[in-house]
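K.L.:
What follows is the file my_file-v9.txt, containing compact mmCIF, C-alpha atoms:
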```txt
# COMPACT_ATOMS: atom_id res chain seq x y z
CA MET B 1 -10.41 11.98 -13.57
CA SER B 2 -11.79 12.52 -10.07
CA ILE B 3 -10.83 9.68 -7.74
CA LYS B 4 -12.68 9.27 -4.44
CA ALA B 5 -10.77 6.28 -3.07
CA ALA B 6 -7.25 4.85 -3.19
CA ILE B 7 -6.91 1.08 -2.84
CA PHE B 8 -3.44 -0.10 -1.84
CA ASP B 9 -1.72 -3.42 -2.10
CA TRP B 10 0.18 -4.12 1.14
CA ASP B 11 3.44 -6.09 0.74
CA GLY B 12 5.92 -4.34 -1.53
CA THR B 13 3.67 -1.28 -1.83
CA VAL B 14 2.99 0.08 1.65
CA VAL B 15 5.55 -1.95 3.61
CA ASP B 16 8.99 -3.27 2.74
CA SER B 17 8.23 -6.94 3.52
CA VAL B 18 9.10 -8.74 0.27
CA GLU B 19 12.37 -10.26 1.51
CA HIS B 20 10.67 -11.43 4.70
CA ILE B 21 7.95 -13.22 2.73
CA THR B 22 10.59 -14.73 0.45
CA ASP B 23 12.41 -16.09 3.49
CA CYS B 24 9.19 -17.55 4.91
CA LEU B 25 8.29 -19.23 1.62
CA GLN B 26 11.74 -20.77 1.30
CA HIS B 27 11.65 -21.95 4.91
CA ALA B 28 8.20 -23.52 4.52
CA SER B 29 9.19 -25.29 1.30
CA THR B 30 12.37 -26.85 2.63
CA THR B 31 10.79 -27.71 5.99
CA ILE B 32 8.50 -30.27 4.35
CA GLY B 33 11.12 -31.54 1.90
CA PHE B 34 10.54 -29.53 -1.26
CA PRO B 35 13.61 -28.16 -3.02
CA ALA B 36 14.52 -24.54 -2.44
CA LEU B 37 13.83 -22.38 -5.49
CA THR B 38 15.58 -19.17 -6.45
CA ARG B 39 14.67 -16.08 -4.46
CA GLU B 40 13.44 -14.45 -7.67
CA THR B 41 10.98 -17.33 -8.18
CA TYR B 42 9.58 -16.86 -4.69
CA ARG B 43 9.42 -13.08 -5.11
CA ASP B 44 7.52 -13.33 -8.38
CA ILE B 45 4.42 -14.92 -6.79
CA ILE B 46 4.14 -12.46 -3.90
CA GLY B 47 0.73 -10.83 -4.16
CA LEU B 48 -1.17 -14.03 -4.85
CA GLY B 49 -3.07 -15.84 -2.11
CA LEU B 50 -0.91 -18.42 -0.35
CA VAL B 51 -2.71 -21.43 -1.85
CA GLU B 52 -2.45 -20.05 -5.37
CA ALA B 53 1.19 -19.10 -4.80
CA LEU B 54 2.18 -22.56 -3.55
CA ARG B 55 0.41 -24.27 -6.45
CA ARG B 56 2.31 -22.09 -8.88
CA LEU B 57 5.63 -22.74 -7.13
CA TYR B 58 5.12 -26.50 -6.77
CA PRO B 59 2.50 -27.76 -9.28
CA GLU B 60 2.88 -31.34 -8.00
CA ILE B 61 1.95 -30.45 -4.40
CA THR B 62 -0.61 -32.76 -2.76
CA PRO B 63 -3.43 -31.61 -0.44
CA THR B 64 -1.53 -32.98 2.56
CA GLN B 65 1.68 -31.22 1.55
CA MET B 66 -0.27 -28.03 0.93
CA SER B 67 -1.65 -28.15 4.46
CA GLU B 68 1.81 -28.85 5.93
CA MET B 69 3.45 -26.06 3.94
CA ARG B 70 0.76 -23.54 4.83
CA GLU B 71 1.23 -24.39 8.51
CA ALA B 72 5.02 -24.08 8.24
CA TYR B 73 4.69 -20.74 6.45
CA SER B 74 2.15 -19.39 8.94
CA THR B 75 4.21 -20.43 11.95
CA ARG B 76 7.35 -18.78 10.58
CA PHE B 77 5.52 -15.67 9.40
CA MET B 78 3.59 -15.07 12.63
CA ALA B 79 6.73 -15.52 14.72
CA THR B 80 8.72 -12.96 12.75
CA SER B 81 6.22 -10.62 11.08
CA ALA B 82 6.16 -7.83 13.66
CA ALA B 83 9.81 -7.04 13.02
CA HIS B 84 9.32 -6.77 9.26
CA GLN B 85 6.55 -4.19 8.84
CA ARG B 86 8.78 -1.32 7.73
CA ILE B 87 6.71 1.37 6.06
CA PHE B 88 8.27 2.64 2.84
CA PRO B 89 9.60 6.20 3.20
CA GLY B 90 6.91 8.76 2.45
CA MET B 91 3.95 6.36 2.45
CA LEU B 92 2.61 7.63 5.77
CA ASP B 93 2.52 11.13 4.26
CA VAL B 94 0.57 9.76 1.28
CA LEU B 95 -2.05 8.22 3.57
CA GLN B 96 -2.26 11.31 5.75
CA ASN B 97 -2.77 13.56 2.74
CA LEU B 98 -5.58 11.35 1.41
CA HIS B 99 -7.32 11.41 4.78
CA GLU B 100 -6.98 15.15 5.19
CA SER B 101 -8.51 15.68 1.76
CA GLY B 102 -11.47 13.44 2.62
CA HIS B 103 -10.65 10.43 0.43
CA HIS B 104 -11.17 6.79 1.31
CA CYS B 105 -8.21 4.45 1.72
CA ALA B 106 -8.46 0.66 1.42
CA VAL B 107 -6.23 -2.41 1.25
CA ALA B 108 -6.54 -5.29 -1.23
CA THR B 109 -3.96 -7.94 -0.41
CA GLY B 110 -2.93 -11.52 -1.01
CA LYS B 111 -2.32 -11.90 2.73
CA SER B 112 -4.63 -13.86 5.00
CA ARG B 113 -6.92 -11.92 7.34
CA ARG B 114 -4.85 -13.09 10.30
CA GLY B 115 -1.65 -11.98 8.60
CA LEU B 116 -2.99 -8.56 7.61
CA ASN B 117 -4.42 -7.88 11.05
CA LEU B 118 -1.02 -8.64 12.57
CA ALA B 119 0.71 -6.43 10.00
CA LEU B 120 -1.71 -3.55 10.55
CA GLN B 121 -1.18 -3.76 14.28
CA ALA B 122 2.60 -4.00 14.03
CA SER B 123 2.83 -1.08 11.58
CA GLN B 124 0.24 1.00 13.49
CA LEU B 125 -1.56 1.76 10.21
CA ALA B 126 -4.93 0.16 10.93
CA SER B 127 -6.71 3.46 11.57
CA TRP B 128 -5.80 4.80 8.12
CA PHE B 129 -7.89 2.29 6.16
CA HIS B 130 -11.67 2.34 5.85
CA VAL B 131 -11.96 -1.20 4.45
CA THR B 132 -9.61 -4.12 3.77
CA ARG B 133 -9.93 -7.38 1.83
CA CYS B 134 -7.71 -10.47 2.02
CA ALA B 135 -7.20 -13.48 -0.23
CA ASP B 136 -8.68 -15.97 2.23
CA GLU B 137 -11.95 -13.98 2.41
CA THR B 138 -12.57 -13.90 -1.32
CA ARG B 139 -10.86 -14.92 -4.56
CA SER B 140 -7.14 -14.35 -5.01
CA LYS B 141 -5.62 -11.78 -7.30
CA PRO B 142 -5.67 -11.32 -10.25
CA ASP B 143 -9.40 -12.06 -9.94
CA PRO B 144 -10.99 -8.64 -9.23
CA ALA B 145 -13.43 -9.92 -6.59
CA MET B 146 -11.74 -8.11 -3.70
CA LEU B 147 -11.85 -4.82 -5.59
CA LEU B 148 -15.53 -5.26 -6.37
CA GLU B 149 -16.25 -5.98 -2.71
CA ILE B 150 -14.37 -2.87 -1.60
CA LEU B 151 -16.26 -0.77 -4.14
CA GLU B 152 -19.57 -2.18 -2.95
CA HIS B 153 -18.69 -1.34 0.64
CA LEU B 154 -17.76 2.23 -0.32
CA GLN B 155 -20.68 2.52 -2.77
CA LEU B 156 -18.38 3.56 -5.60
CA ASP B 157 -17.95 2.64 -9.26
CA PRO B 158 -14.64 1.32 -10.63
CA ALA B 159 -13.87 4.68 -12.22
CA ASP B 160 -14.15 6.35 -8.79
CA ALA B 161 -11.15 4.52 -7.34
CA VAL B 162 -7.52 3.79 -8.19
CA MET B 163 -5.58 0.60 -7.45
CA ILE B 164 -1.98 1.15 -6.32
CA GLY B 165 0.35 -1.83 -6.40
CA ASP B 166 3.77 -3.27 -7.13
CA THR B 167 2.73 -6.39 -9.06
CA THR B 168 1.10 -7.25 -12.35
CA TYR B 169 -1.57 -9.07 -10.32
CA ASP B 170 -2.65 -5.74 -8.80
CA LEU B 171 -2.83 -3.91 -12.10
CA GLN B 172 -4.44 -6.81 -13.95
CA MET B 173 -7.37 -7.08 -11.57
CA ALA B 174 -7.96 -3.33 -11.80
CA ARG B 175 -7.80 -3.36 -15.58
CA THR B 176 -10.31 -6.23 -15.72
CA ILE B 177 -13.04 -4.04 -14.21
CA GLY B 178 -12.03 -0.76 -15.83
CA MET B 179 -10.45 0.72 -12.70
CA PRO B 180 -7.45 3.02 -13.20
CA SER B 181 -4.24 1.89 -11.57
CA ILE B 182 -0.83 3.17 -10.53
CA GLY B 183 2.22 0.94 -10.54
CA VAL B 184 4.98 1.39 -7.99
CA SER B 185 8.45 0.28 -9.01
CA TRP B 186 9.93 -0.31 -5.54
CA GLY B 187 8.34 -3.74 -4.98
CA VAL B 188 8.21 -7.10 -6.75
CA HIS B 189 7.69 -6.51 -10.48
CA ASN B 190 9.69 -4.10 -12.61
CA ALA B 191 8.33 -1.13 -14.52
CA GLN B 192 8.39 -2.98 -17.85
CA ALA B 193 6.16 -5.75 -16.52
CA LEU B 194 3.80 -3.27 -14.84
CA ALA B 195 3.48 -1.20 -18.03
CA GLN B 196 1.87 -4.12 -19.86
CA HIS B 197 -1.31 -3.52 -17.84
CA GLN B 198 -1.62 0.13 -18.85
CA PRO B 199 -1.51 1.93 -15.51
CA VAL B 200 -2.13 5.67 -15.35
CA ALA B 201 1.52 5.96 -14.37
CA ILE B 202 4.40 4.08 -12.79
CA VAL B 203 6.05 5.93 -9.91
CA SER B 204 9.47 5.35 -8.39
CA ASN B 205 8.97 6.85 -4.93
CA ALA B 206 6.24 8.00 -2.55
CA GLN B 207 6.76 11.66 -3.38
CA GLU B 208 5.90 10.98 -7.03
CA LEU B 209 2.87 8.96 -5.90
CA GLN B 210 1.63 11.78 -3.68
CA SER B 211 2.04 14.34 -6.46
CA LEU B 212 0.11 12.14 -8.88
CA LEU B 213 -2.68 11.45 -6.40
CA LYS B 214 -3.11 15.17 -5.85
CA GLN B 215 -3.67 15.53 -9.59
CA ILE B 216 -6.27 12.78 -9.93
CA THR B 217 -8.23 13.11 -6.70
CA GLY B 218 -11.21 15.39 -6.73
CA PRO B 219 -12.00 17.92 -4.02
```
Written as C-alpha cells, that's how I'd like the structure from this file.
P.N.:
Amino acid sequence: MSIKAAIFDWDGTVVDSVEHITDCLQHASTTIGFPALTRETYRDIIGLGLVEALRRLYPEITPTQMSEMREAYSTRFMATSAAHQRIFPGMLDVLQNLHESGHHCAVATGKSRRGLNLALQASQLASWFHVTRCADETRSKPDPAMLLEILEHLQLDPADAVMIGDTTYDLQMARTIGMPSIGVSWGVHNAQALAQHQPVAIVSNAQELQSLLKQITGP
C-alpha cells in the first residue's frame, strides 16, 4: 500500500466538537417545538448532512419545520462554534508529518461550507488542507460523491488515498468505492461499529494514527 493522500472527517476526528453539535441539535429541535431526544440519538447522526440528519431524527418533519430547524441550528452553531474547535491532541503533528513528507491532506465532512470555513478559521487549520468538500456542495455521507470529487481534484484513484473518520458513514463511503479507511475510536461511533466496514485499522489516539500513516504512505 502506497497512499498519496489522507482524507479526514472533521467533527469527532480532527476536532473535539461532538458535544457542541449535540447541544446545537437539541437546542434547534426544542426551539421549534420538537421533543428533545437522548444525547446518544443526536450523537449517532453526526457526520451526515444537516438535512439528512434532521430527517433521520424526526421522520415526520415538514418542509417548513425543516427550514425553521436548520435556521435555529445555524444561528446557535455560528454564535458558539469558534469556542468549540478544540483540536484533538496529536492531530496537528499528524497533519504536519503528512505535509513534510509531501502527501495531500483533504477534508470530507457533513458540515455546510459556511460551517467548515468558520471551523477552519477558528482552528487555524485551513492552510493544512489542499481540498475540502461539504455536504451542502454534494451528496451527504454515506454516498461517496465527496470522496470522488476530492480524488478527481487531486487526480488520484481510490486506492491512492485513505479515508480517516470516527463514524460508520465515513468508512462506508470509502468502502463503496474501494478506498482504504482508518477508523478512529475517539469520536462518535465505537470500535465495534467501525469494524463492520473493514477499515485497515482502528486507532485509539493520534500517535497510533501517525505511526500507521507512516507505514502506509509512500515516499
K.L.:
Tell me, in Å to one decimal, how far CA of Leu209 (chain B) is from CA of Gly115 (chain B).
P.N.:
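According to the coordinates, CA of Leu209 (chain B) and CA of Gly115 (chain B) are separated by 25.9 Å.
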K.L.:
Which residue out of B:Leu156, B:Ala145, B:Val15, B:Cys134 has the minimum interatomic distance to His103 (chain B) when all atoms listed in the file are used?
P.N.:
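Ranked by minimum distance to His103 (chain B), first place goes to B:Leu156.
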K.L.:
Taking 5 positions as the minimum chain separation for residues in the same chain, which residues sit within 12 Å of Gln96 (chain B) when counting all atoms listed in the file? Answer as a list of chain:residue names.
P.N.:
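Non-adjacent residues within range: B:Gly90, B:Met91, B:Ser101, B:Gly102, B:His103, B:His104, B:Cys105, B:Leu125, B:Ser127, B:Trp128, B:Phe129, B:Gln210.
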K.L.:
Using only C-alpha atoms, I'd like a table of the residues in region 80-114 of chain B that come within 10 Å of region 165-169 of chain B; for each, show the closest atom pair and its distance in Å rounded to one decimal, ordered by chain and ascending number, as a tab-separated table.
P.N.:
```
residue	atom	partner	partner_atom	distance
B:Ala108	CA	B:Gly165	CA	9.3
B:Thr109	CA	B:Gly165	CA	9.6
B:Gly110	CA	B:Tyr169	CA	9.7
```
K.L.:
To one decimal place in Å, what is the distance between CA of Thr75 (chain B) and CA of Ala119 (chain B)?
P.N.:
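Going from CA of Thr75 (chain B) over to CA of Ala119 (chain B) covers 14.6 Å.
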K.L.:
For a quick check of understanding, using only C-alpha atoms, which of B:Trp186, B:Phe88, B:Phe77, B:Tyr58 has the smallest distance to Ile21 (chain B)?
P.N.:
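For Ile21 (chain B), the nearest of the given residues is B:Phe77.
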K.L.:
Which residue is closest to Pro158 (chain B)? Choose from B:Val51, B:Val107, B:Ile177, B:Val18 and count only C-alpha atoms.
P.N.:
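Comparing B:Val51, B:Val107, B:Ile177, B:Val18 against Pro158 (chain B), the winner is B:Ile177.
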K.L.:
Provide the CA of His20 (chain B) to CA of Gln198 (chain B) distance in Å, to one decimal place.
P.N.:
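Atom-to-atom, CA of His20 (chain B) and CA of Gln198 (chain B) are spaced 29.0 Å apart.
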K.L.:
Determine the nearest neighbour of Ile7 (chain B) from the options B:Met173, B:Leu147, B:Met78, B:Ile202, counting all atoms listed in the file.
P.N.:
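Residue with the minimum atom-to-atom distance to Ile7 (chain B): B:Leu147.
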K.L.:
List every protein, DNA or RNA residue that has an atom no more than 12 Å from (-2.4, -5.1, -10.5) in the file's coordinate frame, counting only C-alpha atoms, and report them as a ChimeraX atom specification.
P.N.:
/B:7-10,13,46-48,108-110,140-144,146-147,162-184,188-189,193-200,202
K.L.:
From the options B:Leu151, B:Ser81, B:Phe34, B:Asp23, which residue's atoms come nearest to Pro59 (chain B), counting all atoms listed in the file?
P.N.:
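Counting all atoms listed in the file, the residue closest to Pro59 (chain B) is B:Phe34.
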K.L.:
Which of these residues is nearest to Gln121 (chain B), using all atoms listed in the file: B:Gly33, B:Gln85, B:Ala79, B:Ile150?
P.N.:
B:Gln85
K.L.:
For Ser74 (chain B), please output as a ChimeraX atom specification all residues within 10 Å (counting all atoms listed in the file; exclusion window: fewer than 2 positions along the same chain).
P.N.:
/B:24-25,28,50,68-72,76-81,112,114-115
